[in-house]
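Listing of my_file.txt, compact mmCIF, C-alpha atoms
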# COMPACT_ATOMS: atom_id res chain seq x y z
CA MET A 1 -23.33 15.54 17.95
CA ARG A 2 -25.20 12.98 15.85
CA LEU A 3 -23.19 11.74 12.87
CA SER A 4 -24.91 12.62 9.62
CA GLY A 5 -24.06 13.15 5.98
CA GLN A 6 -26.77 15.77 5.52
CA GLY A 7 -25.48 18.79 3.61
CA ARG A 8 -22.27 17.05 2.50
CA THR A 9 -21.28 16.15 -1.05
CA PHE A 10 -18.57 13.55 -1.62
CA LEU A 11 -16.73 13.49 -4.95
CA PHE A 12 -14.93 10.20 -5.66
CA LEU A 13 -11.95 9.96 -8.01
CA GLN A 14 -10.05 6.72 -8.71
CA GLY A 15 -10.21 3.93 -6.16
CA PRO A 16 -8.88 0.41 -5.56
CA HIS A 17 -9.76 -2.13 -8.27
CA GLY A 18 -13.18 -3.60 -7.61
CA PRO A 19 -16.44 -2.46 -5.99
CA TRP A 20 -15.12 -0.82 -2.81
CA PHE A 21 -15.85 2.79 -3.75
CA ALA A 22 -19.37 1.92 -4.93
CA ARG A 23 -20.10 0.15 -1.61
CA LEU A 24 -18.69 3.05 0.36
CA ALA A 25 -20.79 5.60 -1.56
CA ALA A 26 -23.94 3.56 -0.98
CA MET A 27 -23.37 3.68 2.79
CA LEU A 28 -22.60 7.40 2.71
CA ARG A 29 -25.88 8.00 0.87
CA ARG A 30 -27.72 6.17 3.65
CA SER A 31 -26.20 8.66 6.06
CA GLY A 32 -27.80 11.49 4.06
CA ALA A 33 -24.81 12.50 1.93
CA THR A 34 -24.70 13.08 -1.82
CA CYS A 35 -22.06 11.16 -3.79
CA TRP A 36 -20.59 11.66 -7.28
CA ARG A 37 -17.88 9.78 -9.14
CA VAL A 38 -15.49 11.05 -11.80
CA GLY A 39 -14.40 8.26 -14.14
CA PHE A 40 -11.32 8.40 -16.35
CA ASN A 41 -11.75 5.11 -18.24
CA ARG A 42 -14.18 2.26 -18.82
CA GLY A 43 -12.78 0.40 -15.80
CA ASP A 44 -13.86 3.22 -13.49
CA ARG A 45 -17.33 3.14 -15.08
CA ALA A 46 -17.67 -0.64 -14.75
CA PHE A 47 -17.34 -0.53 -10.98
CA TRP A 48 -19.75 2.38 -10.42
CA PRO A 49 -23.25 0.98 -11.03
CA ASP A 50 -25.14 4.25 -10.47
CA GLY A 51 -24.99 5.92 -13.89
CA ARG A 52 -26.86 9.01 -12.66
CA SER A 53 -24.01 9.99 -10.33
CA TYR A 54 -21.21 9.10 -12.74
CA ILE A 55 -19.27 11.91 -14.45
CA PRO A 56 -17.02 10.81 -17.33
CA PHE A 57 -13.84 12.80 -17.90
CA ARG A 58 -12.72 12.46 -21.52
CA GLY A 59 -10.41 15.45 -21.71
CA THR A 60 -6.64 15.65 -21.66
CA ALA A 61 -4.36 16.00 -18.66
CA GLN A 62 -4.10 19.72 -19.43
CA ASP A 63 -7.91 20.01 -19.23
CA TRP A 64 -8.19 18.31 -15.87
CA PRO A 65 -7.45 21.15 -13.37
CA ALA A 66 -10.02 23.51 -14.88
CA THR A 67 -12.61 20.74 -15.24
CA PHE A 68 -12.07 19.61 -11.67
CA ALA A 69 -12.35 23.14 -10.27
CA ALA A 70 -15.60 23.67 -12.19
CA LEU A 71 -16.98 20.40 -10.81
CA LEU A 72 -16.28 21.48 -7.25
CA ASP A 73 -18.38 24.59 -7.83
CA GLU A 74 -21.14 22.92 -9.83
CA LYS A 75 -21.71 20.10 -7.32
CA SER A 76 -20.95 22.14 -4.17
CA VAL A 77 -18.39 19.53 -3.15
CA THR A 78 -17.46 19.39 0.53
CA ASP A 79 -15.39 16.18 0.53
CA LEU A 80 -12.94 14.58 -1.90
CA VAL A 81 -12.34 10.79 -1.78
CA LEU A 82 -9.45 9.02 -3.51
CA TYR A 83 -7.12 6.04 -3.34
CA GLY A 84 -3.48 7.17 -3.18
CA ASP A 85 -2.49 10.80 -3.47
CA THR A 86 0.48 10.74 -5.85
CA ARG A 87 -0.89 9.80 -9.28
CA PRO A 88 -0.96 13.04 -11.33
CA ILE A 89 -4.75 13.50 -11.49
CA HIS A 90 -5.00 12.97 -7.73
CA ALA A 91 -2.06 15.16 -6.79
CA ARG A 92 -3.49 18.10 -8.75
CA ALA A 93 -6.96 17.52 -7.33
CA VAL A 94 -5.66 17.45 -3.76
CA GLU A 95 -3.83 20.72 -4.32
CA ILE A 96 -6.97 22.43 -5.63
CA ALA A 97 -9.21 20.94 -2.92
CA ARG A 98 -6.92 22.04 -0.11
CA ALA A 99 -6.94 25.61 -1.40
CA ARG A 100 -10.74 25.55 -1.01
CA ASN A 101 -10.71 23.91 2.44
CA ILE A 102 -12.38 20.79 1.09
CA ILE A 103 -11.82 17.69 3.24
CA VAL A 104 -9.56 15.19 1.45
CA HIS A 105 -10.15 11.54 2.39
CA VAL A 106 -7.23 9.32 1.34
CA PHE A 107 -7.39 5.52 1.30
CA GLU A 108 -4.30 3.35 0.96
CA GLU A 109 -3.16 -0.19 1.58
CA GLY A 110 -2.66 -0.77 5.29
CA TYR A 111 0.49 0.39 7.02
CA LEU A 112 -0.10 -2.71 9.14
CA ARG A 113 -1.35 -4.91 6.30
CA PRO A 114 -2.76 -7.37 5.49
CA TYR A 115 -5.82 -7.20 7.73
CA TRP A 116 -5.99 -3.43 7.95
CA ILE A 117 -6.33 -0.62 5.43
CA THR A 118 -5.18 2.98 5.89
CA TYR A 119 -7.59 5.91 6.13
CA GLU A 120 -6.15 9.41 6.53
CA ARG A 121 -7.03 12.96 5.65
CA GLY A 122 -4.87 15.21 3.51
CA GLY A 123 -2.26 12.65 2.47
CA ALA A 124 -0.78 9.19 2.97
CA ASN A 125 2.65 7.54 3.05
CA GLY A 126 5.27 10.29 2.61
CA HIS A 127 2.52 12.94 2.81
CA SER A 128 0.98 11.53 5.99
CA ARG A 129 0.73 13.49 9.23
CA LEU A 130 2.62 10.58 10.77
CA MET A 131 5.80 11.85 9.13
CA ASP A 132 5.90 14.82 11.51
CA LEU A 133 4.77 13.02 14.67
CA THR A 134 7.34 11.77 17.16
CA VAL A 135 6.98 8.73 19.38
CA ALA A 136 6.68 11.13 22.33
CA ASP A 137 3.70 12.82 20.61
CA MET A 138 2.06 9.44 20.14
CA ARG A 139 2.61 8.39 23.72
CA ARG A 140 0.92 11.56 24.98
CA ALA A 141 -2.11 10.89 22.79
CA LEU A 142 -2.28 7.26 23.95
CA GLU A 143 -2.71 8.33 27.57
CA LYS A 144 -6.44 8.58 26.76
CA ALA A 145 -6.60 5.12 25.13
CA ASP A 146 -6.67 1.61 26.56
CA MET A 147 -6.69 -1.29 24.10
CA ASP A 148 -5.24 -4.77 23.88
CA LEU A 149 -3.08 -5.13 20.80
CA PRO A 150 -3.85 -7.99 18.39
CA ASP A 151 -0.96 -10.03 17.06
CA ALA A 152 0.57 -9.09 13.73
CA PRO A 153 -1.14 -11.20 11.03
CA ALA A 154 1.23 -13.31 8.97
CA ARG A 155 -0.53 -13.49 5.59
CA TRP A 156 -2.59 -11.56 3.08
CA GLY A 157 -6.29 -12.25 3.28
CA ASP A 158 -7.43 -11.43 -0.26
CA MET A 159 -4.54 -11.79 -2.70
CA ARG A 160 -6.49 -13.84 -5.25
CA GLN A 161 -9.33 -11.30 -5.23
CA HIS A 162 -6.79 -8.49 -5.59
CA VAL A 163 -5.33 -10.05 -8.73
CA PHE A 164 -8.79 -10.90 -10.11
CA TRP A 165 -10.19 -7.37 -9.72
CA GLY A 166 -7.01 -5.91 -11.19
CA ALA A 167 -7.22 -8.12 -14.28
CA LEU A 168 -10.93 -7.36 -14.74
CA TYR A 169 -10.36 -3.63 -14.37
CA HIS A 170 -7.64 -3.59 -17.03
CA TRP A 171 -9.84 -5.69 -19.33
CA PHE A 172 -12.56 -3.02 -19.17
CA VAL A 173 -10.01 -0.24 -19.70
CA MET A 174 -8.49 -1.98 -22.70
CA THR A 175 -11.75 -2.95 -24.42
CA GLY A 176 -13.43 0.40 -23.83
CA PHE A 177 -10.59 2.66 -24.90
CA TRP A 178 -12.64 4.36 -27.62
CA ASP A 179 -14.84 6.03 -24.99
CA TYR A 180 -11.82 7.60 -23.26
CA ARG A 181 -9.28 8.17 -26.01
CA ASN A 182 -7.33 10.74 -23.97
CA PHE A 183 -6.87 8.48 -20.95
CA ARG A 184 -3.25 7.85 -20.01
CA PRO A 185 -2.40 5.50 -17.12
CA HIS A 186 -0.31 6.94 -14.30
CA ARG A 187 2.26 4.19 -14.86
CA ALA A 188 4.72 3.88 -17.74
CA LEU A 189 3.13 0.84 -19.40
CA THR A 190 0.11 0.98 -21.67
CA VAL A 191 -3.20 -0.50 -20.54
CA ARG A 192 -2.77 -3.37 -23.03
CA GLN A 193 0.66 -4.16 -21.55
CA GLU A 194 -0.74 -4.02 -17.99
CA PHE A 195 -3.56 -6.41 -18.93
CA ARG A 196 -1.16 -8.86 -20.57
CA LEU A 197 1.00 -8.86 -17.44
CA TYR A 198 -2.04 -9.61 -15.27
CA LEU A 199 -3.05 -12.51 -17.53
CA LYS A 200 0.51 -13.84 -17.61
CA ARG A 201 0.74 -13.68 -13.83
CA LEU A 202 -2.56 -15.54 -13.41
CA ALA A 203 -1.44 -18.24 -15.85
CA LEU A 204 1.97 -18.70 -14.21
CA MET A 205 0.74 -18.76 -10.61
CA PRO A 206 1.07 -22.59 -10.24
CA PHE A 207 4.62 -22.59 -11.66
CA HIS A 208 5.66 -19.64 -9.53
CA ALA A 209 4.23 -21.36 -6.46
CA LEU A 210 6.40 -24.42 -7.12
CA GLU A 211 9.50 -22.26 -7.69
CA ARG A 212 8.75 -20.37 -4.47
CA ARG A 213 8.40 -23.56 -2.42
CA LEU A 214 11.71 -24.91 -3.69
CA ALA A 215 13.55 -21.64 -3.00
CA THR A 216 12.02 -21.37 0.47
CA TRP A 217 12.91 -24.99 1.25
CA ARG A 218 16.56 -24.34 0.35
CA ILE A 219 16.67 -21.34 2.67
CA ARG A 220 14.83 -22.94 5.59
CA PHE A 221 16.97 -26.07 5.56
CA GLY A 222 20.23 -24.49 4.43
CA GLY A 223 21.40 -23.91 7.99
CA PHE A 224 22.99 -20.53 7.19
CA PRO A 225 22.37 -17.10 8.76
CA TYR A 226 20.73 -14.74 6.28
CA HIS A 227 19.61 -11.16 5.79
CA LEU A 228 16.30 -10.49 4.06
CA VAL A 229 15.75 -7.84 1.38
CA ILE A 230 12.07 -6.94 1.06
CA LEU A 231 11.45 -5.82 -2.52
CA GLN A 232 8.72 -3.51 -3.75
CA LEU A 233 7.04 -2.88 -7.07
CA ALA A 234 9.20 -0.52 -9.10
CA HIS A 235 6.06 1.30 -10.29
CA ASP A 236 4.55 1.61 -6.82
CA ALA A 237 3.95 5.16 -5.57
CA SER A 238 6.01 4.64 -2.41
CA PHE A 239 9.06 3.61 -4.42
CA ARG A 240 8.50 6.09 -7.24
CA ASP A 241 7.67 9.21 -5.22
CA HIS A 242 9.13 8.65 -1.74
CA SER A 243 12.52 7.04 -2.30
CA PRO A 244 16.00 8.25 -3.36
CA PHE A 245 16.15 5.75 -6.24
CA THR A 246 15.05 6.30 -9.82
CA THR A 247 15.27 2.61 -10.76
CA MET A 248 15.09 -0.69 -8.88
CA THR A 249 18.56 -1.58 -10.20
CA GLU A 250 20.06 1.30 -8.20
CA PHE A 251 18.66 -0.17 -5.00
CA LEU A 252 19.69 -3.73 -5.86
CA THR A 253 23.23 -2.59 -6.67
CA LEU A 254 23.59 -0.68 -3.41
CA VAL A 255 22.38 -3.60 -1.29
CA THR A 256 24.41 -6.28 -3.09
CA GLU A 257 27.61 -4.24 -2.91
CA GLY A 258 27.00 -3.46 0.76
CA PHE A 259 26.45 -7.14 1.53
CA ALA A 260 29.61 -8.17 -0.33
CA LYS A 261 31.69 -5.63 1.61
CA GLY A 262 30.14 -5.86 5.08
CA ALA A 263 28.52 -9.24 5.74
CA ALA A 264 30.33 -12.16 7.30
CA PRO A 265 31.53 -14.66 4.65
CA HIS A 266 29.17 -17.39 5.92
CA HIS A 267 26.08 -15.14 5.81
CA HIS A 268 23.60 -15.24 2.91
CA LEU A 269 21.32 -12.64 1.31
CA VAL A 270 17.69 -13.41 0.44
CA PHE A 271 15.72 -11.17 -1.92
CA LYS A 272 11.95 -11.58 -1.54
CA ALA A 273 9.81 -10.23 -4.39
CA HIS A 274 6.54 -8.39 -3.81
CA PRO A 275 3.48 -10.70 -3.95
CA LEU A 276 2.14 -8.70 -6.92
CA GLU A 277 5.41 -8.62 -8.88
CA ASP A 278 4.38 -9.10 -12.51
CA GLY A 279 7.68 -9.38 -14.36
CA ARG A 280 7.81 -5.94 -15.94
CA VAL A 281 11.26 -5.64 -14.33
CA ALA A 282 13.58 -8.64 -14.78
CA MET A 283 14.24 -8.69 -11.05
CA LYS A 284 15.56 -12.25 -10.70
CA ARG A 285 17.97 -11.94 -13.60
CA GLU A 286 19.26 -8.58 -12.38
CA ILE A 287 19.83 -9.85 -8.84
CA TYR A 288 21.90 -12.82 -9.97
CA ARG A 289 23.86 -10.66 -12.41
CA LEU A 290 24.82 -8.29 -9.57
CA ALA A 291 25.61 -11.22 -7.27
CA ARG A 292 28.08 -12.64 -9.81
CA GLU A 293 29.58 -9.19 -10.37
CA HIS A 294 30.30 -8.79 -6.65
CA GLY A 295 31.48 -12.35 -6.07
CA VAL A 296 28.61 -13.51 -3.85
CA ALA A 297 26.57 -15.60 -6.32
CA GLU A 298 26.71 -18.69 -4.08
CA ARG A 299 25.25 -16.75 -1.16
CA VAL A 300 22.35 -14.93 -2.86
CA HIS A 301 18.78 -16.29 -3.14
CA PHE A 302 15.59 -15.05 -4.80
CA VAL A 303 12.07 -15.89 -3.57
CA ARG A 304 9.15 -15.02 -5.84
CA GLY A 305 6.36 -13.55 -3.69
CA GLY A 306 4.58 -15.67 -1.10
CA LYS A 307 4.24 -15.15 2.62
CA LEU A 308 6.76 -13.02 4.45
CA ALA A 309 6.39 -14.32 8.00
CA GLY A 310 8.26 -17.61 7.59
CA LEU A 311 11.30 -15.92 6.07
CA LEU A 312 11.30 -13.15 8.67
CA ASN A 313 11.13 -15.56 11.59
CA GLN A 314 14.62 -16.91 10.80
CA ALA A 315 16.24 -13.74 9.40
CA ARG A 316 19.07 -11.84 11.10
CA SER A 317 18.00 -8.45 9.74
CA ALA A 318 15.97 -6.87 6.92
CA VAL A 319 16.51 -4.17 4.30
CA THR A 320 13.91 -2.31 2.26
CA VAL A 321 13.33 0.98 0.49
CA ASN A 322 10.14 1.92 2.35
CA SER A 323 7.84 -1.11 2.13
CA THR A 324 5.01 -1.33 4.64
CA ALA A 325 6.34 -4.83 5.33
CA GLY A 326 8.97 -3.04 7.40
CA GLN A 327 6.30 -2.99 10.11
CA GLN A 328 6.44 -6.79 10.38
CA VAL A 329 10.21 -6.58 10.72
CA LEU A 330 9.94 -4.14 13.59
CA TRP A 331 7.19 -6.16 15.27
CA ARG A 332 9.70 -9.01 15.50
CA SER A 333 12.38 -6.69 16.94
CA LEU A 334 14.67 -7.32 13.97
CA PRO A 335 17.17 -4.69 12.81
CA LEU A 336 15.78 -2.75 9.85
CA LYS A 337 17.51 -0.57 7.26
CA ALA A 338 15.14 1.61 5.18
CA PHE A 339 16.24 4.09 2.52
CA GLY A 340 13.04 5.94 1.57
CA ARG A 341 10.47 8.07 3.33
CA ALA A 342 8.11 5.89 5.36
CA VAL A 343 5.70 6.47 8.22
CA TYR A 344 7.79 4.14 10.42
CA SER A 345 11.11 5.86 9.67
CA LYS A 346 11.61 7.04 13.23
CA PRO A 347 15.06 7.18 14.84
CA GLU A 348 13.92 4.71 17.50
CA PHE A 349 13.20 2.02 14.88
CA VAL A 350 15.25 2.29 11.71
CA SER A 351 19.03 1.89 11.67
CA PRO A 352 21.03 4.96 10.60
CA GLN A 353 24.11 2.84 9.84
CA PRO A 354 25.72 2.75 6.38
CA ILE A 355 24.67 -0.41 4.58
CA GLU A 356 28.07 -2.13 4.90
CA GLN A 357 28.11 -1.53 8.66
CA PHE A 358 24.49 -2.64 8.94
CA PHE A 359 25.31 -6.00 7.37
CA ALA A 360 28.39 -6.32 9.59
CA GLN A 361 26.66 -5.61 12.92
CA ALA A 362 23.17 -4.10 12.79
CA THR A 363 21.64 -2.12 15.64
CA ARG A 364 18.27 -3.33 16.93
CA PRO A 365 15.10 -1.20 17.19
CA ASP A 366 13.60 0.09 20.43
CA THR A 367 10.87 -2.53 20.85
CA ARG A 368 8.92 -0.66 23.53
CA ALA A 369 8.81 2.47 21.40
CA TYR A 370 7.62 0.46 18.41
CA ARG A 371 4.80 -1.16 20.39
CA ASP A 372 3.58 2.30 21.37
CA TYR A 373 3.83 3.43 17.76
CA ARG A 374 1.87 0.41 16.55
CA HIS A 375 -0.73 0.95 19.26
CA TYR A 376 -1.13 4.54 18.04
CA LEU A 377 -1.71 3.42 14.44
CA LEU A 378 -4.32 0.86 15.49
CA GLU A 379 -6.18 3.59 17.40
CA THR A 380 -6.10 6.02 14.48
CA SER A 381 -5.48 5.39 10.78
CA GLN A 382 -5.56 1.56 10.60
CA VAL A 383 -9.06 0.15 10.02
CA PRO A 384 -9.82 -3.61 10.14
CA GLY A 385 -10.87 -4.99 6.76
CA GLY A 386 -9.80 -4.99 3.12
CA PHE A 387 -10.71 -3.56 -0.28
CA TYR A 388 -10.83 -6.73 -2.37
CA SER A 389 -12.85 -9.43 -0.59
CA SER A 390 -16.53 -9.11 0.28
CA ARG A 391 -15.78 -9.95 3.93
CA GLY A 392 -13.05 -7.32 4.08
CA ARG A 393 -15.36 -4.64 2.64
CA ARG A 394 -18.07 -5.47 5.17
CA GLU A 395 -15.59 -5.05 8.00
CA LEU A 396 -14.46 -1.68 6.66
CA LEU A 397 -17.97 -0.29 6.30
CA ARG A 398 -18.68 -0.96 9.98
CA GLN A 399 -16.15 1.70 10.96
CA VAL A 400 -14.79 3.84 8.16
CA VAL A 401 -18.02 5.70 7.28
CA ASP A 402 -18.29 7.04 10.83
CA MET A 403 -14.63 8.09 10.63
CA MET A 404 -15.28 9.98 7.39
CA LEU A 405 -18.35 11.76 8.81
CA SER A 406 -16.54 12.76 12.00
CA ALA A 407 -15.58 16.40 12.39
CA GLN A 408 -12.05 15.30 13.34
CA ASP A 409 -9.50 13.24 11.48
CA PRO A 410 -8.34 10.01 13.21
CA TYR A 411 -5.28 11.63 14.80
CA ASP A 412 -7.10 14.65 16.23
CA ALA A 413 -9.93 12.42 17.46
CA LEU A 414 -7.52 10.37 19.57
CA GLU A 415 -5.75 13.50 20.84
CA SER A 416 -9.05 15.00 22.02
CA GLY A 417 -10.32 11.75 23.52
CA ASN A 418 -13.11 11.38 20.93
CA ALA A 419 -11.77 8.41 18.97
CA ALA A 420 -14.40 5.81 18.18
CA PRO A 421 -14.03 2.42 19.90
CA ARG A 422 -12.22 -0.06 17.68
CA GLN A 423 -13.30 -3.57 16.83
CA GLN A 424 -11.12 -6.40 18.05
CA LEU A 425 -9.68 -8.15 15.02
CA ARG A 426 -10.72 -11.77 14.59
CA VAL A 427 -8.22 -13.60 12.40
CA VAL A 428 -9.69 -16.62 10.62
CA ASN A 429 -7.16 -18.91 8.92
Would you mind writing the structure in this file as structure tokens?
Amino acid sequence: MRLSGQGRTFLFLQGPHGPWFARLAAMLRRSGATCWRVGFNRGDRAFWPDGRSYIPFRGTAQDWPATFAALLDEKSVTDLVLYGDTRPIHARAVEIARARNIIVHVFEEGYLRPYWITYERGGANGHSRLMDLTVADMRRALEKADMDLPDAPARWGDMRQHVFWGALYHWFVMTGFWDYRNFRPHRALTVRQEFRLYLKRLALMPFHALERRLATWRIRFGGFPYHLVILQLAHDASFRDHSPFTTMTEFLTLVTEGFAKGAAPHHHLVFKAHPLEDGRVAMKREIYRLAREHGVAERVHFVRGGKLAGLLNQARSAVTVNSTAGQQVLWRSLPLKAFGRAVYSKPEFVSPQPIEQFFAQATRPDTRAYRDYRHYLLETSQVPGGFYSSRGRRELLRQVVDMMLSAQDPYDALESGNAAPRQQLRVVN
């Protein structure tokens, strides 16, 4: 059947910082669909240029479910579009939409980032259909596919744009608060505090870059075996909603103690911060405090952001809560210990060992099984492109609109043999 948006109404909620949702809606309108956007603050409004299709929500959190349900009826909504499914306004909206059999389109950062984004229906991360699929299920679906796998990219393609759009968004939210007095961010900090952190991070980027180079140089030329701890943002949805930890300190304590008890005395431990770490948690200070407490201060290192590939290439193993960077670990056939719910937490890949035993002698992943798993993701939910750069958005639009208009979600489309052909990724350094 011919793909068309005729007769479909897409309702957008909150999206990635920047113009991605507006660009996506424009393409959907060209397909014949109707698009509306609910905005919760001045930042949402700033990145939706079509005022006629913009619906401001100025009520309280208690008002939202009834308002949302009324909107679905008033606009005859057939499709719901959002970025991340765990923030309170989204979680409640997804629940209501599912009860009405409305298609829920969920965007997220790529499971195989940085040059892919994630597009799924119904839920992402710990709510993804991938959580219930086995490697055997994926291999059966791949019998109908034949594709050469691109190499795993080693760096982010649009980090500066990501930080820029985030700072601009929070500026609009902060300066336009009087229009949306009931707005409350889904994170613990106020909008003003978020904006200050973005500005501080932008200002300190040159100093952090120098600190990072020095720390990396010490590790690369130190001549010691090391294990890498891939840190996440403490306020990130994956850590907050899909992990067994309530604070980052709990995770840091568990890992440091396990390393002190299990690792060989000549091994070192390297903590790598998330590239978007903004200092709201005193991560570096806490790590060194725990290292001193457990008697391993001389063997613990902290790297502030930067590229992951160089550190991974020389690591003995890696530990994380449930970071998507775990995919790069597995691609290199390194042992991986993950504590939270993640789409790659399959028994073939992730070590079940206690942390002390893992540091003593880690088991390696099944590399063949992981290649099949990665192949499955590239044929289904991983779409080439990015939210934050103009080039990345152009790449996304070439494929993701057709995926949204399809009668089948990406996983069912592959299973039935109807998956759209995928573009070969061209990495430009």
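You will find atom CA of Tyr288 of chain A at 23.3 Å from atom CA of Arg240 of chain A.
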Polymer residues at most 7 Å from His227 of chain A, only C-alpha atoms, same-chain spacing of 3 or more positions, as a list in words: His268, Leu269, Val270, Ala315, Arg316, Ser317 and Ala318 of chain A
Would you pick out the contacts of Ser406 of chain A at 10 Å or less, using only C-alpha atoms, so that residues sharing its chain but fewer than 4 positions from it are not included, and give the list as a PDB file with C-alpha atoms, in the coordinates of the input?
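Done, and the output landed in around_33.pdb:
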ATOM      1  CA  MET A   1     -23.330  15.540  17.950  1.00  0.00           C
ATOM      2  CA  ARG A   2     -25.200  12.980  15.850  1.00  0.00           C
ATOM      3  CA  LEU A   3     -23.190  11.740  12.870  1.00  0.00           C
ATOM      4  CA  SER A   4     -24.910  12.620   9.620  1.00  0.00           C
ATOM      5  CA  GLY A   5     -24.060  13.150   5.980  1.00  0.00           C
ATOM      6  CA  VAL A 400     -14.790   3.840   8.160  1.00  0.00           C
ATOM      7  CA  VAL A 401     -18.020   5.700   7.280  1.00  0.00           C
ATOM      8  CA  ASP A 402     -18.290   7.040  10.830  1.00  0.00           C
ATOM      9  CA  PRO A 410      -8.340  10.010  13.210  1.00  0.00           C
ATOM     10  CA  ALA A 413      -9.930  12.420  17.460  1.00  0.00           C
ATOM     11  CA  ASN A 418     -13.110  11.380  20.930  1.00  0.00           C
ATOM     12  CA  ALA A 419     -11.770   8.410  18.970  1.00  0.00           C
ATOM     13  CA  ALA A 420     -14.400   5.810  18.180  1.00  0.00           C
TER      14      ALA A 420
END
A:Leu312, A:Ala61, A:Val300, A:Leu276 ranked by distance to Pro88 of chain A, top pick (using only C-alpha atoms): A:Ala61
Straight-line distance linking atom CA of Val383 of chain A with atom CA of Glu395 of chain A, stated in Å to one decimal: 8.6 Å
For His162 of chain A, the nearest of the candidates A:Arg341, A:His90, A:His17, A:Arg394, counting all atoms listed in the file: A:His17
